[in-house]
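Remarks on the structure that follows.
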Amino acid sequence: MAMTEGQETLKKCSLSSLEKSVDDEELRALLIPDFNDLPSIPRSAVESNFVRYYAVDLLKPAHDQYIYRHANGLCVIGLAPSHAALNEVGGVQSVDFNVGKSNRSELKVTGKRKRNAQHLQPDSALCNVCANGTYYTARCCVKGSLLEVNDRLIKNPELLNLAADREGYIAIIMPKPTDWLKVKDSFLSYEDYKKLRHQVSERGYLPAATFESPKALGGVTNRSADLEEAPTPN
């Protein structure tokens, strides 16, 4: 949308005033961005605050999950756009945090020392997701302490269909720095993930009908155990 004459004048005056106070060329380049270099679409909160990693074919084909790592070390875990459950007819219908020996939704972590946090392995189950009559198990992906699960998904599983990478996240994990470094290289970067799952748009959740093999990116794989999915109901 074209700027009004008043807005254009205000912009020129503001830039002129700022430019006079900045003599160093390098500093000016940092403080006064070129309007032509700004992205057409503002960066999302996820893009601005997290480094995005992906675990593809986690234990089974098309069981893809994301790991969004914050600068403070916390990892947000969720289903990637290409996860099979998100591409089932009708999408996700229910989420259950009762994974057998533990109900993750009953987790109550307190204090700075994170008392009561559950210590999980990369293949530990976080929840079972039901889509089109089939159950899929979301995994922890990283070794660490489980600090929080998104129990809103119990009453509102539609969050996974609408915003799996935001309000539909599954859990927050705090790995130790040494444990993170051990597993980091087994994940794909966002750019490599887009190359592999080429049907995934920048912000969309598109059908994952023609997935490529991880071998196309140099044989990137994930360590896994022979764990079973929750049974499909009769």
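Chain identifiers are assigned as A, B, and so on, following the order in which chains appear in the structure tokens; residues are numbered from 1 within each chain, and ligands are numbered from 1 in order of appearance.
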
Practice problem: Please give the complete set of residues from segment 22-152 of chain A that DSSP, run on the backbone, assigns to helix (DSSP H, G or I), formatted as an MDAnalysis selection string. | Solution: chainID A and resid 25:31 35:37 45:49 84:87 104:106 152

Exercise. Compare A:Glu148, A:Asp192, A:Asp185, A:Asp96 by their minimum atom-to-atom distance to Tyr136 of chain A, counting only C-alpha atoms, and give me the closest one.
Key: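 Closest candidate: A:Asp96.
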
Quiz item: Within 10 Å of Gly73 of chain A, counting only C-alpha atoms, which residues qualify if same-chain residues fewer than 6 places away don't, as a ChimeraX atom specification?
Solution: /A:50,173-177,180

Do a neighbour search on Arg52 of chain A at 7 Å with only C-alpha atoms, toss out local chain neighbours closer than 2 positions, and write the hits as a CSV table (one decimal) with N, CA and C atoms, in the first residue's frame.
chain,number,residue,atom,x,y,z
A,50,PHE,N,13.7,-18.6,18.0
A,50,PHE,CA,14.2,-20.0,18.1
A,50,PHE,C,15.0,-20.4,16.9
A,54,TYR,N,14.7,-30.3,13.0
A,54,TYR,CA,13.7,-31.3,12.7
A,54,TYR,C,14.2,-32.7,12.8
A,67,ILE,N,12.0,-29.5,16.7
A,67,ILE,CA,12.6,-29.1,18.0
A,67,ILE,C,13.0,-27.7,17.8
A,68,TYR,N,12.3,-26.8,18.5
A,68,TYR,CA,12.7,-25.3,18.4
A,68,TYR,C,13.5,-25.0,19.7
A,69,ARG,N,14.7,-24.6,19.4
A,69,ARG,CA,15.6,-24.3,20.6
A,69,ARG,C,15.8,-22.8,20.8
A,189,SER,N,18.4,-29.0,9.8
A,189,SER,CA,18.2,-27.6,9.9
A,189,SER,C,16.8,-27.3,9.2
A,190,TYR,N,16.3,-26.1,9.3
A,190,TYR,CA,15.1,-25.8,8.7
A,190,TYR,C,15.2,-25.8,7.1

Practice problem: Please identify all polymer residues within 10 Å of Arg139 of chain A, counting only C-alpha atoms, omitting same-chain residues fewer than 5 positions from it, and present them as a list in words. | Solution: Ala55, Leu58, Leu59, His63, Asp64, Gln65, Ile77, Gly78, Leu79, Leu120, Gln121, Pro122, Asp123, Ser124, Ala125, Leu126, Cys127, Asn128, Ile170 and Ala171 of chain A

Output C-alpha atoms for every residue in that selection, as a CSV table (one decimal), in the first residue's frame.
chain,number,residue,atom,x,y,z
A,55,ALA,CA,13.8,-35.0,13.5
A,58,LEU,CA,11.4,-40.7,13.9
A,59,LEU,CA,11.1,-44.5,14.5
A,63,HIS,CA,6.8,-39.4,11.9
A,64,ASP,CA,8.5,-36.0,11.7
A,65,GLN,CA,8.8,-33.7,14.6
A,77,ILE,CA,8.8,-30.1,20.9
A,78,GLY,CA,5.9,-30.6,18.4
A,79,LEU,CA,4.7,-32.2,15.2
A,120,LEU,CA,13.2,-38.5,29.6
A,121,GLN,CA,15.1,-40.1,26.8
A,122,PRO,CA,14.9,-39.1,23.1
A,123,ASP,CA,12.5,-41.9,22.3
A,124,SER,CA,10.3,-41.4,25.4
A,125,ALA,CA,6.6,-41.0,24.6
A,126,LEU,CA,5.1,-37.6,25.3
A,127,CYS,CA,1.5,-38.2,24.1
A,128,ASN,CA,-0.6,-40.3,21.8
A,170,ILE,CA,3.3,-30.5,22.6
A,171,ALA,CA,6.0,-30.0,25.3

Self-check item: Top pick for closest residue to Gln118 of chain A, considering A:Val51, A:Val92, A:Cys75, A:Leu147 and counting only C-alpha atoms
Solution: A:Leu147

Practice problem: Tell me, in Å to one decimal, how far atom CA of Gly144 of chain A is from atom CA of Lys194 of chain A. | Solution: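 Between atom CA of Gly144 of chain A and atom CA of Lys194 of chain A the gap works out to 26.7 Å.
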
Quiz prompt | Exercise: Gly90 of chain A partners within 10 Å, only C-alpha atoms, chain neighbours under 5 positions left out, as a VMD selection string | solution = chain A and resid 85 131 to 132 161

Quiz prompt | Two-atom distance - atom CA of Arg104 of chain A, atom CA of Asn87 of chain A (Å) | solution =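 For atom CA of Arg104 of chain A relative to atom CA of Asn87 of chain A, the distance reads 24.9 Å.
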